[in-house]
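Participant: Here it is, the structure in full.
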Amino acid sequence: MARLSIAGAAPASFEGGGSLLELFGDFFKQLYDTTGWNFVIFYDQVEWDRFIAAIWTTIKLIIACLIFSVIVGVVGAWAQGAKSKLLRYGMAGYIQFFRNTPPFVQILFFYFVLGNLTPSYDAGGYQEAYIGSFGWAVISLGFFAGAFNTEIFRSGIEAVPESTQEAASALGYTRLQSYIYVVFPLAFRVCLPALNNNLVNLLKTTTLAYGIAVPEMMYTANQVWSDNVNVPEMMIILFIFYVGLVAILVWGMHRWEKSMKIPGYG
Amino acid sequence: MSDAKKTNGWTPRQPMVSIKDVHKSFGDLEVLKGVSLDVMKGECICIIGPSGSGKSTLIRCVNALNDIQKGSILVEGQEVNDPDLDKLELRKKVGMVFQQYNLFPHKTAIENIMMAPITVLKQDKDEVAEHAASLIRKVRLGGKENSYPGELSGGQQQRVAIARSLAMNPDVMLFDEVTAALDPETVKEVLVTIQDLAEEGMTCILVTHEMGFANEVANHIYFTDLGVIVEHGPPKTFFKKAKDPRTKEFLSQIL
Ligand SMILES: Nc1ncnc2c1ncn2[C@@H]1O[C@H](COP(=O)(O)OP(=O)(O)O)[C@@H](O)[C@H]1O
Ligand SMILES: [Mg+2]
């Protein structure tokens, strides 16, 4: 495998902050020299820094999307049961739109169409948008997964017996109080497995943010292999990285599920 | 605490619950066809009658779980059949216990009792805890504070449900066939709890099939059939001198 572009750049500047690189940098450099397998991110300081930055961006992106999509789901499921017809039809339209169009198209639409319509501010000579590509990725992916979460929570809410809500009403709970203290905690337990699935999907779907140049892992891998022509190596890294993230998420969700298990119920 | 409730000029000399000519339909099905009855403070009345005669519907109208099409229900002077009804105010006054207990399964016994006073009445947590502890002793469930409903027997769950309702300091309690889902051996423990309450002067409206209990505890018995009150009277005359053939037939089947 040939090495292009930054072949001339300092291959390994190990000083300062690169202690991990010091540890295995030589090994990967040697691996490349002897076998041609080019894990450039593990011996080149510049690429390593890019890789680490991508890890953080990806994790932040995932966490922000997960939280936002769950909030959308909770509020959405509540709005679906609201008295206002307008609210209910609005929710139905929202869900149909986001479920039946490709998330990649959605993310491009949000960034390029809505992004152009939202205000920007003067950042010293050029116009900077209040919401950048990261923000639009969170909004569009959050709404995308939120549409599914809304349906998931709604099915959970429907599984809570009417009589349990009636007991809350009889005790003077308002609809909102009954939702917060009784219906939702019960519904949530019912729909955790389905929520789990959807959040794993969302985690994987965050890779679409590369389409609007959010410097997350997919985007960065793409840059690295463009510069170094090491597509197979970066693919391996990508697969391992996402398998690892999914494993962590699933593990966390299972622990959560277990901790919420009620003795003698369900 | 119950002194703070709005009474609209109501005094304890007037009926605590006054139901007048109540009509209630579900779609085309008329379930209540003009029901009237009064309950004085401290009284315990029992409603009996065949299944489907509208007993549950009637008592669910008292705390506005069902709305009514015609007639009037006054609870301590507050009109329930009013589009601007303050439901919270009404439900502070009226407690209800259901056939299926309907406890909150994700909360322990003591949490079930404490939740509403804290959430709905915004009472101080420590005071509520103290009150809840005394209520759980009152329903004879000391030691079961931290059990979840799923870990309790039906009779125990029902007593938690009674304590949960009492935690709101209601002035009237509604009981809808609260022993109908219980094993025969646990029926008694729940009835004893209710009897204690009645003897302490709690105003009670009970739907029940426990005739022996009704005979002992009720001040007045109402027999309903097909959405009307067919016959009523104090237990002595009601059980011995029922006149209406429908009442006689019902009593002969159940006794
Ligand atoms: N929510 C409802 N919708 C439609 N019909 C109902 C509803 N609740 C009760 N009914 C009908 O009203 C009648 C009286 O029911 P109910 O008050 O539960 O009787 P009871 O408690 O005396 O057995 C029954 O025919 C029942 O099917
Ligand atoms: Mg009934």
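The chains in the structure tokens are called A, B, ... from first to last as shown; in each chain the residues are counted from 1, and the ligands are counted from 1 in the order shown.
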Could you list, as a PyMOL selection string, all residues that come within 12 Å of ligand 2? Count only C-alpha atoms and all ligand atoms.

Facilitator: chain B and resi 31+47-60+98-100+175-181+206-209+224

Participant: Kindly export the residues of the current selection with C-alpha atoms, as a PDB file, in the first residue's frame.

Facilitator:
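In the end it all went to out.pdb:
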ATOM      1  CA  VAL B  31     -77.481   3.351  32.941  1.00  0.00           C
ATOM      2  CA  ILE B  47     -75.755  -0.018  47.715  1.00  0.00           C
ATOM      3  CA  ILE B  48     -76.647  -3.516  46.608  1.00  0.00           C
ATOM      4  CA  GLY B  49     -78.121  -4.874  43.429  1.00  0.00           C
ATOM      5  CA  PRO B  50     -77.528  -7.202  40.515  1.00  0.00           C
ATOM      6  CA  SER B  51     -74.470  -6.874  38.337  1.00  0.00           C
ATOM      7  CA  GLY B  52     -74.907  -4.234  35.644  1.00  0.00           C
ATOM      8  CA  SER B  53     -77.552  -2.311  37.557  1.00  0.00           C
ATOM      9  CA  GLY B  54     -75.390   0.833  37.635  1.00  0.00           C
ATOM     10  CA  LYS B  55     -73.905   0.709  41.153  1.00  0.00           C
ATOM     11  CA  SER B  56     -70.349   1.424  40.088  1.00  0.00           C
ATOM     12  CA  THR B  57     -71.511   4.068  37.658  1.00  0.00           C
ATOM     13  CA  LEU B  58     -73.412   5.811  40.432  1.00  0.00           C
ATOM     14  CA  ILE B  59     -70.579   6.044  42.915  1.00  0.00           C
ATOM     15  CA  ARG B  60     -68.106   6.985  40.197  1.00  0.00           C
ATOM     16  CA  PHE B  98     -61.624   0.104  43.827  1.00  0.00           C
ATOM     17  CA  GLN B  99     -62.390  -3.555  43.374  1.00  0.00           C
ATOM     18  CA  GLN B 100     -58.989  -4.196  41.786  1.00  0.00           C
ATOM     19  CA  PHE B 175     -65.920   1.656  48.249  1.00  0.00           C
ATOM     20  CA  ASP B 176     -66.749  -0.189  45.034  1.00  0.00           C
ATOM     21  CA  GLU B 177     -67.038  -3.925  45.730  1.00  0.00           C
ATOM     22  CA  VAL B 178     -63.678  -3.799  47.421  1.00  0.00           C
ATOM     23  CA  THR B 179     -63.816  -7.398  48.609  1.00  0.00           C
ATOM     24  CA  ALA B 180     -65.187  -8.935  45.412  1.00  0.00           C
ATOM     25  CA  ALA B 181     -61.731  -9.865  44.077  1.00  0.00           C
ATOM     26  CA  LEU B 206     -70.274   1.180  49.894  1.00  0.00           C
ATOM     27  CA  VAL B 207     -71.189  -1.043  47.005  1.00  0.00           C
ATOM     28  CA  THR B 208     -71.054  -4.550  48.375  1.00  0.00           C
ATOM     29  CA  HIS B 209     -72.380  -8.067  48.140  1.00  0.00           C
ATOM     30  CA  THR B 224     -80.735  -0.786  42.686  1.00  0.00           C
TER      31      THR B 224
END

Participant: Near chain A, which residues of chain B fall within 6 Å when you count only C-alpha atoms, and what do they look like as a list in words?

Facilitator: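 In the required form, that comes to Leu88, Arg91, Asn102, Gly150 and Glu151 of chain B.
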
Participant: Can those selected residues be exported to a file as a CSV table (one decimal), in the first residue's frame so that it contains N, CA, C and O atoms?

Facilitator:
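What ended up in again-v5.csv:
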chain,number,residue,atom,x,y,z
B,88,LEU,N,-60.0,19.0,41.7
B,88,LEU,CA,-59.1,18.8,42.8
B,88,LEU,C,-59.8,19.0,44.1
B,88,LEU,O,-59.6,18.2,45.1
B,91,ARG,N,-62.0,16.1,44.8
B,91,ARG,CA,-61.3,14.8,45.1
B,91,ARG,C,-60.5,14.9,46.4
B,91,ARG,O,-60.1,13.8,47.0
B,102,ASN,N,-55.9,-1.2,42.4
B,102,ASN,CA,-55.3,-0.2,41.5
B,102,ASN,C,-54.1,0.5,42.3
B,102,ASN,O,-54.0,1.8,42.1
B,150,GLY,N,-46.9,-6.0,44.3
B,150,GLY,CA,-46.7,-7.4,43.8
B,150,GLY,C,-46.3,-8.4,44.8
B,150,GLY,O,-46.4,-9.6,44.6
B,151,GLU,N,-45.8,-7.9,46.0
B,151,GLU,CA,-45.3,-8.8,47.0
B,151,GLU,C,-46.4,-9.0,48.1
B,151,GLU,O,-46.1,-9.6,49.1

Participant: With only C-alpha atoms as the atoms that count, which of B:Glu210, B:Ile73, B:Pro234, B:Gly227 lies nearest to Pro184 in chain B?

Facilitator: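 Nearest candidate to Pro184 in chain B out of B:Glu210, B:Ile73, B:Pro234, B:Gly227: B:Glu210.
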
Participant: Counting only C-alpha atoms and all ligand atoms, which residue out of B:Leu251, B:Ala163, B:Val228, B:Val94 sits closest to ligand 1?

Facilitator: B:Val228

Participant: Name the residues of range 157-195 of chain A that fall into alpha helix (DSSP H) according to DSSP on the backbone, using the chain letters and numbers of this document, as JSON, numbers by chain.

Facilitator: {"A": [157, 158, 162, 163, 164, 165, 166, 167, 168, 169, 170, 175, 176, 177, 178, 184, 185, 186, 187, 188, 189, 190, 191, 192, 193, 194, 195]}

Participant: Rounded to one decimal place, report the CA of Tyr222 in chain B-CA of Cys61 in chain B distance in Å.

Facilitator: 16.4 Å

Participant: Considering only C-alpha atoms, can you say which of A:Ala221, A:Ile236, A:Asp33, A:Val229 comes closest to Glu47 in chain A?

Facilitator: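 For Glu47 in chain A, the nearest of the given residues is A:Ala221.
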
Participant: If we count only C-alpha atoms and set the cut-off at 10 Å, which residues sit around Ile139 in chain A, ignoring sequence neighbours fewer than 6 positions away in its own chain? Please answer as a PyMOL selection string.

Facilitator: chain A and resi 64-65+68-69+107+110-111+131+133+146

Participant: List as a list in words the protein and nucleic acid residues near Ile95 in chain A, meaning an atom at most 9 Å away when only C-alpha atoms are counted, but skip any in the same chain fewer than 2 places from it.

Facilitator: Gly90, Met91, Ala92, Gly93, Phe97, Phe98, Arg99, Asn100, Phe144, Gly146, Ala147, Phe148, Thr150 and Glu151 of chain A

Participant: Those selected residues, please, written with all heavy atoms and delivered as a compact mmCIF listing (two decimals), in the first residue's frame.

Facilitator:
# COMPACT_ATOMS: atom_id res chain seq x y z
N GLY A 90 -50.82 17.40 14.51
CA GLY A 90 -49.43 17.85 14.32
C GLY A 90 -48.45 16.72 14.60
O GLY A 90 -47.53 16.47 13.83
N MET A 91 -48.70 16.02 15.70
CA MET A 91 -47.82 14.90 16.06
C MET A 91 -47.86 13.80 15.01
O MET A 91 -46.84 13.24 14.65
CB MET A 91 -48.25 14.31 17.41
CG MET A 91 -47.89 15.13 18.61
SD MET A 91 -46.17 15.58 18.67
CE MET A 91 -45.42 13.96 18.61
N ALA A 92 -49.07 13.50 14.54
CA ALA A 92 -49.21 12.43 13.55
C ALA A 92 -48.43 12.80 12.28
O ALA A 92 -47.72 11.96 11.71
CB ALA A 92 -50.69 12.20 13.23
N GLY A 93 -48.53 14.06 11.87
CA GLY A 93 -47.81 14.51 10.68
C GLY A 93 -46.30 14.41 10.88
O GLY A 93 -45.58 13.92 10.01
N PHE A 97 -43.80 12.03 8.69
CA PHE A 97 -42.71 12.63 7.92
C PHE A 97 -41.37 11.99 8.27
O PHE A 97 -40.61 11.56 7.40
CB PHE A 97 -42.65 14.14 8.17
CG PHE A 97 -41.50 14.81 7.47
CD1 PHE A 97 -41.58 15.11 6.12
CD2 PHE A 97 -40.33 15.09 8.16
CE1 PHE A 97 -40.51 15.71 5.46
CE2 PHE A 97 -39.25 15.69 7.50
CZ PHE A 97 -39.35 16.00 6.15
N PHE A 98 -41.09 11.89 9.55
CA PHE A 98 -39.76 11.41 9.93
C PHE A 98 -39.60 9.91 9.79
O PHE A 98 -38.48 9.42 9.62
CB PHE A 98 -39.42 11.86 11.36
CG PHE A 98 -38.88 13.25 11.40
CD1 PHE A 98 -39.75 14.33 11.52
CD2 PHE A 98 -37.53 13.50 11.28
CE1 PHE A 98 -39.27 15.62 11.54
CE2 PHE A 98 -37.04 14.79 11.30
CZ PHE A 98 -37.91 15.85 11.43
N ARG A 99 -40.69 9.19 9.86
CA ARG A 99 -40.57 7.73 9.72
C ARG A 99 -40.46 7.32 8.27
O ARG A 99 -39.89 6.28 7.97
CB ARG A 99 -41.78 7.04 10.36
CG ARG A 99 -41.59 6.84 11.84
CD ARG A 99 -42.84 6.33 12.50
NE ARG A 99 -43.43 5.21 11.81
CZ ARG A 99 -43.93 4.15 12.42
NH1 ARG A 99 -43.88 4.08 13.71
NH2 ARG A 99 -44.49 3.19 11.74
N ASN A 100 -41.05 8.12 7.38
CA ASN A 100 -41.18 7.67 6.00
C ASN A 100 -40.25 8.38 5.03
O ASN A 100 -40.42 8.27 3.83
CB ASN A 100 -42.63 7.80 5.54
CG ASN A 100 -43.56 6.96 6.42
OD1 ASN A 100 -43.17 5.88 6.85
ND2 ASN A 100 -44.73 7.47 6.72
N PHE A 144 -35.56 12.58 14.22
CA PHE A 144 -35.74 11.32 13.49
C PHE A 144 -35.98 10.17 14.48
O PHE A 144 -37.01 9.50 14.42
CB PHE A 144 -34.50 11.05 12.63
CG PHE A 144 -34.39 9.64 12.14
CD1 PHE A 144 -35.29 9.14 11.20
CD2 PHE A 144 -33.39 8.79 12.62
CE1 PHE A 144 -35.19 7.83 10.75
CE2 PHE A 144 -33.29 7.49 12.17
CZ PHE A 144 -34.19 7.01 11.25
N GLY A 146 -36.62 10.50 17.57
CA GLY A 146 -37.72 10.89 18.46
C GLY A 146 -39.07 10.45 17.93
O GLY A 146 -39.98 10.12 18.70
N ALA A 147 -39.22 10.45 16.59
CA ALA A 147 -40.49 10.00 16.00
C ALA A 147 -40.74 8.54 16.37
O ALA A 147 -41.87 8.15 16.71
CB ALA A 147 -40.46 10.18 14.49
N PHE A 148 -39.68 7.74 16.33
CA PHE A 148 -39.83 6.33 16.71
C PHE A 148 -40.03 6.21 18.21
O PHE A 148 -40.85 5.41 18.67
CB PHE A 148 -38.59 5.52 16.27
CG PHE A 148 -38.50 5.35 14.78
CD1 PHE A 148 -37.89 6.32 13.99
CD2 PHE A 148 -39.05 4.25 14.16
CE1 PHE A 148 -37.81 6.18 12.62
CE2 PHE A 148 -38.97 4.09 12.78
CZ PHE A 148 -38.36 5.06 12.00
N THR A 150 -41.46 8.29 20.12
CA THR A 150 -42.84 8.68 20.43
C THR A 150 -43.77 7.48 20.32
O THR A 150 -44.58 7.23 21.20
CB THR A 150 -43.29 9.79 19.46
OG1 THR A 150 -42.45 10.93 19.63
CG2 THR A 150 -44.73 10.19 19.72
N GLU A 151 -43.61 6.74 19.24
CA GLU A 151 -44.45 5.56 19.04
C GLU A 151 -44.16 4.50 20.10
O GLU A 151 -45.07 3.85 20.60
CB GLU A 151 -44.19 4.97 17.65
CG GLU A 151 -44.69 5.85 16.52
CD GLU A 151 -46.20 5.82 16.41
OE1 GLU A 151 -46.84 6.65 17.08
OE2 GLU A 151 -46.73 4.99 15.67

Participant: Which is closest to Ala187 in chain A among A:Trp78, A:Gly135, A:Thr207, A:Gln106, if we use only C-alpha atoms?

Facilitator: A:Trp78
